[in-house]
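J.: Structure in C-alpha cells, see below.
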Amino acid sequence: MHRGFTVTVTVTGSVRHSVSPTAGQEEAVREVADREADQSRRGQISPQPLAPPGLYTDPEDAASVNGTGRAARPTTERSAGGRRMFRQSRTVANGHHDRGGALSRPDIAARIGMSDGELITDLAGAQALAPEWDALAVLASNPVAGPAWVLSWWHHVASAEIQPRLVAVRDRGRLVGVAPFYVASVKRGVVEYRLMASDFGVCMEPLALPGREWDVAAEVARVLASCRPRPDVLAFGPMTLASHWTTALSSGWPGPMRGMVRGYGVDGAPVIVLRDSSFDAWFASLRSSTRRSLRRNERRFEEAGGTTRWSTTETLRADAEAFSRLHGERWEGRGCSRLANLGSRLPDWLEEVGRELIDEGRFRMCMLEVGGSPICADFHLIAGEVLADINTGWDERYAKMAPAKLTVPRVVQEAYRLGCRRVHLGQGNHAYKLSFANANDPVAWTLVMPPSLRFPYTYGCVLPGLLRKRTRDAAERALPAEWFEAARIMRRRLRA
C-alpha cells in the first residue's frame with residue numbers, strides 16, 4: 001500500500017470511492033473505503049458530497065456532479081508517493097492511458113457506481129419506456145425532452161426508414177438518463193447522428209437526472225461507440241449554450257483520446273424568470289412603454305370583438321389545424337420553416353402531443369379569435385418548473401393588434417397559475433420577446449466528432465460546411481436584417 005496518499009470517500013447512502021490507476025492500488029482503495037465507511041457509520045467522520053479525487057479537473061464539472069453548486073477539489077497529500085499518484089490521477093482525468101495501466105474516464109465512471117446503458121432501436125421498446133421517461137422529464141424540467149414530443153415525432157414526422165439509436169441509462173434499476181438519437185444522414189460515408197425532433201427550433205438535449213449528466217454522458221458515449229453504423233458526427237442544435245453535454249460526451253468517449261467539439265452558430269433565446277410574487281406584480285414590473293403598447297393593442301382587440309380561449313380535448317384537432325394554417329400562411333414567401341414544410345403531418349403531430357399531455361395541464365394552446373375565427377394560435381409544453389413556448393401562428397391581416405405580443409401576458413398568467421418559475425419564449429431575439437424578457441439563455445449549434453481512424457476524413461468532409469455556416473452566421477449578425485432577407489430571397493429565385 002502506498003503511504004502518503006489519502007483517498008477521499010463519499011458517503012451518500014452508498015459508498016463511492018475513488019479509483020486508483022493500478023491494480024495493486026485498487027486493493028488499497030477498497031481497504032481505505034471500507035475503513036472510512038465504517039468510521040462514518042460510527043459518527044467519526046462526517047459525510048462530504050465530494051466528487052471522486054482526480055476524476056474532474058474542471059471545478060464546474062465537479063460542482064455539477066456534486067449537486068452542491070460548489071466545486072470539489074481532490075484531497076491528496078504531497079509525499080513522494082502521493083505526488084506520483086496525483087500525476088496519474090490527472091492523466092486519467094484528462095482521458096489518456098498511462099503506461100502503468102491507468103483507466104479511462106468511462107472506466108472510472110463505471111467503477112464509481114455508473115449505470116447500465118440499453119440501446120433501443122424499435123418503437124415498442126421506446127413506448128414501454130415512456131412512463132419513466134416522462135417522469136424524468138418532469139424532474140429535469142425539460143418539456144421537449146419527454147416522450148410525448150419525441151415519440152409523436154417518430155409516429156408522424158420521421159421517415160419509415162428511420163434508424164433509431166435511443167439510449168436509456170439506469171442506475172440500480174432506476175432510469176437516470178435518456179438520449180434519443182437516430183441516424184440522421186450518411187453522406188460521402190460520414191455517419192451523422194442527431195437527437196429526434198430537434199430540428200424544429202426547440203432547445204433539445206439528452207435528458208438526465210439533475211446532477212447525473214456527466215455519468216449519463218459517459219454511458220451514452222460507451223453505447224453509441226458500439227453502434228453500427230458507428231457515428232462519425234453527433235450534431236446538436238439548437239441546444240443551450242451553457243449545456244455541458246457536448247463536452248461530457250466528447251471527454252467520455254471510450255479510448256485514450258477525446259472527441260473534437262466544433263460550434264458554428266449562436267442565437268438568443270429570451271426567458272422570463274418569474275421572480276415576482278404574482279402576475280400583477282410581474283405586469284407592473286414591465287417598462288411603461290410596453291404596458292402602454294399592450295393596453296392599446298388590447299383595446300383594438302376588444303373593439304374588433306376579440307375573445308381568448310384555451311384548447312381542450314374537444315377543440316384540439318380543430319385548433320391544431322388552425323395553428324398549421326396560420327403558421328403556414330405566415331411563412332409563405334418568407335423562407336423556410338420546417339414546421340410549415342410538414343404540411344398535413346403537422347396537425348397530426350400536434351394532436352398526438354396534445355392528447356398525451358392536455359389532461360395533465362402540460363400542453364397549452366392559447367387561441368385568439370375575432371368573430372369566432374382564429375387569428376392567433378400559440379402553443380406551449382410544460383414540465384416541472386418550465387413552460388416552453390414552441391411556436392406561434394397568426395393572421396397578418398390583424399398585424400395592428402400584434403396578436404403574438406398579446407398572447408405573452410396570457411401565457412405568463414397561466415404559468416403563474418401552474419406554478420412555473422421560468423417561461424422560455426423560444427429561439428430568436430425578436431423585439432416583442434425582448435420587451436418581456438428579463439433573462440436570456442442563448443442556444444448554439446455544435447458538432448461532436450468522436451475519435452476514430454476515420455477522423456481526418458470526417459473532419460475534411462465537415463469543414464467546408466462548418467465554414468459556410470459560420471460565414472452565414474457572421475453575415476446575419478453584421479448586415480441589416482432587410483439586406484440579409486433580400487439576399488435570401490434572391491438566392492431562392494436563382495435556385496428556382
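Residues are named by chain letter and number: chains run A, B, ... in the order of the C-alpha cells, numbers start at 1 in each chain, and ligands are numbered from 1 in the order shown.
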Can you pull out the residues contacting A:Leu381? Cut-off 8 Å, using only C-alpha atoms, and skip same-chain residues under 4 positions away; I want them as a list in words.
T.: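 Final neighbour list, sorted by chain and number: Pro143, Val144, Arg362, Phe363, Arg364, Leu387, Ala388, Asp389 and Ile390 of chain A.
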J.: Write out as a list in words which residues come within 7 Å of A:Pro238 when counting only C-alpha atoms, dropping same-chain ones fewer than 2 positions away.
T.: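 Within the cut-off, the hits are Gly201, Val202, Cys203, Met204, Phe236, Thr240, Val443, Ala444 and Trp445 of chain A.
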J.: Those same residues - N, CA and C atoms - I'd like them written as a PDB file, in the first residue's frame.
T.:
ATOM      1  N   GLY A 201     -36.566  24.211 -34.049  1.00  0.00           N
ATOM      2  CA  GLY A 201     -36.429  25.433 -33.279  1.00  0.00           C
ATOM      3  C   GLY A 201     -36.538  25.256 -31.782  1.00  0.00           C
ATOM      4  N   VAL A 202     -36.814  24.036 -31.301  1.00  0.00           N
ATOM      5  CA  VAL A 202     -36.900  23.809 -29.862  1.00  0.00           C
ATOM      6  C   VAL A 202     -35.521  23.446 -29.325  1.00  0.00           C
ATOM      7  N   CYS A 203     -35.304  23.761 -28.060  1.00  0.00           N
ATOM      8  CA  CYS A 203     -33.993  23.528 -27.442  1.00  0.00           C
ATOM      9  C   CYS A 203     -33.942  22.099 -26.923  1.00  0.00           C
ATOM     10  N   MET A 204     -33.391  21.216 -27.734  1.00  0.00           N
ATOM     11  CA  MET A 204     -33.402  19.774 -27.448  1.00  0.00           C
ATOM     12  C   MET A 204     -32.020  19.315 -27.001  1.00  0.00           C
ATOM     13  N   PHE A 236     -25.773  18.622 -32.728  1.00  0.00           N
ATOM     14  CA  PHE A 236     -26.694  19.184 -31.740  1.00  0.00           C
ATOM     15  C   PHE A 236     -27.092  20.593 -32.156  1.00  0.00           C
ATOM     16  N   THR A 240     -28.955  24.617 -25.481  1.00  0.00           N
ATOM     17  CA  THR A 240     -28.500  25.680 -24.588  1.00  0.00           C
ATOM     18  C   THR A 240     -26.979  25.813 -24.635  1.00  0.00           C
ATOM     19  N   VAL A 443     -28.755  29.835 -27.331  1.00  0.00           N
ATOM     20  CA  VAL A 443     -28.647  28.477 -27.851  1.00  0.00           C
ATOM     21  C   VAL A 443     -27.547  28.424 -28.903  1.00  0.00           C
ATOM     22  N   ALA A 444     -27.024  27.227 -29.116  1.00  0.00           N
ATOM     23  CA  ALA A 444     -25.904  27.053 -30.046  1.00  0.00           C
ATOM     24  C   ALA A 444     -26.105  25.794 -30.875  1.00  0.00           C
ATOM     25  N   TRP A 445     -25.410  25.752 -31.989  1.00  0.00           N
ATOM     26  CA  TRP A 445     -25.360  24.567 -32.854  1.00  0.00           C
ATOM     27  C   TRP A 445     -23.937  24.036 -32.799  1.00  0.00           C
TER      28      TRP A 445
END
J.: Can you tell me how far atom CA of A:Val138 sits from atom CA of A:Trp214, in Å to one decimal?
T.: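 Computing it gives 19.3 Å between the two atoms.
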J.: Point out the residue among A:Glu302, A:Asp267, A:Glu476, A:Glu192 with the least atom-to-atom distance to A:Leu368, counting only C-alpha atoms.
T.: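 Closest to A:Leu368, using only C-alpha atoms: A:Glu302.
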J.: Which neighbours of A:Val261 fall inside 8 Å, counting only C-alpha atoms, when residues of the same chain fewer than 4 positions from it are skipped, and could you give them as a PyMOL selection string?
T.: chain A and resi 246-247+250+446-449
J.: Print the selection's residues with C-alpha atoms to a file, as a tab-separated table (two decimals), in the first residue's frame.
T.:
chain	number	residue	atom	x	y	z
A	246	THR	CA	-21.14	18.15	-25.85
A	247	THR	CA	-18.07	18.37	-23.62
A	250	SER	CA	-16.55	14.16	-26.07
A	446	THR	CA	-22.48	22.18	-32.20
A	447	LEU	CA	-20.82	19.14	-33.75
A	448	VAL	CA	-19.03	16.43	-31.75
A	449	MET	CA	-16.63	14.29	-33.79
J.: Give me the residues near A:Tyr459 as a PDB file with C-alpha atoms, in the first residue's frame, where near means some atom within 10 Å (using only C-alpha atoms) and where sequence neighbours in that chain fewer than 4 positions away do not count.
T.:
ATOM      1  CA  VAL A 190     -19.846  10.181 -42.966  1.00  0.00           C
ATOM      2  CA  ASP A 232     -18.697   9.951 -37.146  1.00  0.00           C
ATOM      3  CA  VAL A 233     -20.557  13.108 -36.116  1.00  0.00           C
ATOM      4  CA  MET A 260     -13.433  17.191 -31.159  1.00  0.00           C
ATOM      5  CA  MET A 449     -16.634  14.285 -33.792  1.00  0.00           C
ATOM      6  CA  ARG A 454     -11.716   7.888 -39.871  1.00  0.00           C
ATOM      7  CA  PHE A 455     -11.426  11.221 -38.082  1.00  0.00           C
ATOM      8  CA  LEU A 463     -15.013  21.520 -42.528  1.00  0.00           C
ATOM      9  CA  PRO A 464     -16.429  23.195 -45.692  1.00  0.00           C
ATOM     10  CA  LEU A 466     -18.754  24.482 -40.971  1.00  0.00           C
TER      11      LEU A 466
END
J.: Just the number, please: distance in Å from atom CA of A:Pro451 to atom CA of A:Arg258, one decimal.
T.: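 Value for the atom CA of A:Pro451-atom CA of A:Arg258 distance: 6.4 Å.
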J.: Would you mind listing what lies within 12 Å of stretch 182-186 of chain A as an MDAnalysis selection string, with only C-alpha atoms counted and same-chain residues fewer than 5 positions away left out?
T.: chainID A and resid 119:122 150 154 158:159 161:167 191:199 224 227:236 458 461
J.: Quick one: write out the picked residues with N, CA and C atoms as a short mmCIF file (atom, residue, chain, number, x, y, z; two decimals), in the first residue's frame?
T.:
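To be explicit, this is the file written out as selection.cif:
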data_model
loop_
_atom_site.label_atom_id
_atom_site.label_comp_id
_atom_site.auth_asym_id
_atom_site.auth_seq_id
_atom_site.Cartn_x
_atom_site.Cartn_y
_atom_site.Cartn_z
N LEU A 119 -29.56 0.02 -25.43
CA LEU A 119 -29.83 0.57 -26.75
C LEU A 119 -31.20 0.09 -27.22
N ILE A 120 -32.08 1.05 -27.56
CA ILE A 120 -33.43 0.75 -28.03
C ILE A 120 -33.53 1.19 -29.48
N THR A 121 -33.93 0.28 -30.34
CA THR A 121 -33.98 0.57 -31.78
C THR A 121 -35.36 0.36 -32.37
N ASP A 122 -36.38 0.18 -31.53
CA ASP A 122 -37.73 -0.03 -32.06
C ASP A 122 -38.73 0.80 -31.27
N VAL A 150 -41.17 13.56 -28.48
CA VAL A 150 -40.26 12.74 -29.30
C VAL A 150 -41.00 11.60 -30.00
N TRP A 154 -41.76 10.68 -33.93
CA TRP A 154 -41.43 9.37 -34.52
C TRP A 154 -42.63 8.82 -35.30
N ALA A 158 -41.04 11.38 -38.70
CA ALA A 158 -39.88 10.61 -39.13
C ALA A 158 -40.23 9.72 -40.32
N SER A 159 -39.23 9.46 -41.14
CA SER A 159 -39.44 8.59 -42.29
C SER A 159 -39.63 7.15 -41.83
N GLU A 161 -38.07 4.70 -42.81
CA GLU A 161 -36.76 4.02 -42.75
C GLU A 161 -35.88 4.53 -41.61
N ILE A 162 -36.46 5.23 -40.65
CA ILE A 162 -35.67 5.78 -39.55
C ILE A 162 -34.88 4.68 -38.84
N GLN A 163 -33.65 5.02 -38.46
CA GLN A 163 -32.79 4.10 -37.72
C GLN A 163 -32.56 4.67 -36.32
N PRO A 164 -33.45 4.34 -35.37
CA PRO A 164 -33.32 4.91 -34.02
C PRO A 164 -32.11 4.34 -33.29
N ARG A 165 -31.52 5.19 -32.47
CA ARG A 165 -30.44 4.76 -31.57
C ARG A 165 -30.69 5.42 -30.21
N LEU A 166 -31.78 5.01 -29.58
CA LEU A 166 -32.18 5.60 -28.30
C LEU A 166 -31.45 4.88 -27.18
N VAL A 167 -30.77 5.64 -26.33
CA VAL A 167 -30.01 5.06 -25.22
C VAL A 167 -30.72 5.38 -23.91
N VAL A 191 -21.24 9.28 -41.19
CA VAL A 191 -22.48 8.95 -40.50
C VAL A 191 -22.76 10.02 -39.45
N GLU A 192 -23.93 10.66 -39.56
CA GLU A 192 -24.30 11.72 -38.63
C GLU A 192 -25.48 11.28 -37.78
N TYR A 193 -25.33 11.40 -36.46
CA TYR A 193 -26.42 11.15 -35.52
C TYR A 193 -26.98 12.49 -35.05
N ARG A 194 -28.31 12.53 -34.86
CA ARG A 194 -28.97 13.69 -34.28
C ARG A 194 -29.96 13.22 -33.22
N LEU A 195 -30.40 14.18 -32.39
CA LEU A 195 -31.47 13.91 -31.46
C LEU A 195 -32.81 13.99 -32.17
N MET A 196 -33.70 13.08 -31.87
CA MET A 196 -35.01 13.08 -32.51
C MET A 196 -35.76 14.38 -32.20
N ALA A 197 -36.50 14.87 -33.20
CA ALA A 197 -37.38 16.04 -33.05
C ALA A 197 -36.62 17.29 -32.63
N SER A 198 -35.34 17.38 -33.01
CA SER A 198 -34.53 18.50 -32.54
C SER A 198 -34.43 19.65 -33.53
N ASP A 199 -34.84 19.43 -34.78
CA ASP A 199 -34.60 20.45 -35.80
C ASP A 199 -35.85 21.26 -36.11
N LEU A 224 -23.07 4.40 -27.72
CA LEU A 224 -23.03 4.88 -29.10
C LEU A 224 -21.78 4.40 -29.83
N CYS A 227 -22.40 1.18 -31.53
CA CYS A 227 -23.49 1.10 -32.51
C CYS A 227 -22.95 0.88 -33.92
N ARG A 228 -23.80 0.35 -34.76
CA ARG A 228 -23.49 0.19 -36.18
C ARG A 228 -24.66 0.74 -36.99
N PRO A 229 -24.44 1.67 -37.92
CA PRO A 229 -23.14 2.25 -38.22
C PRO A 229 -22.67 3.16 -37.09
N ARG A 230 -21.37 3.15 -36.90
CA ARG A 230 -20.78 3.95 -35.83
C ARG A 230 -20.84 5.42 -36.19
N PRO A 231 -21.24 6.29 -35.25
CA PRO A 231 -21.34 7.72 -35.59
C PRO A 231 -19.98 8.37 -35.81
N ASP A 232 -19.87 9.11 -36.91
CA ASP A 232 -18.70 9.95 -37.15
C ASP A 232 -18.92 11.36 -36.62
N VAL A 233 -20.20 11.77 -36.58
CA VAL A 233 -20.56 13.11 -36.12
C VAL A 233 -21.82 13.01 -35.26
N LEU A 234 -21.82 13.70 -34.12
CA LEU A 234 -23.03 13.91 -33.33
C LEU A 234 -23.40 15.38 -33.47
N ALA A 235 -24.55 15.65 -34.08
CA ALA A 235 -24.95 17.03 -34.36
C ALA A 235 -26.01 17.48 -33.36
N PHE A 236 -25.77 18.62 -32.73
CA PHE A 236 -26.69 19.18 -31.74
C PHE A 236 -27.09 20.59 -32.16
N THR A 458 -13.37 12.42 -41.86
CA THR A 458 -14.61 13.06 -41.38
C THR A 458 -14.44 14.56 -41.27
N CYS A 461 -14.50 16.31 -44.57
CA CYS A 461 -15.84 16.41 -45.16
C CYS A 461 -16.69 17.46 -44.45
#
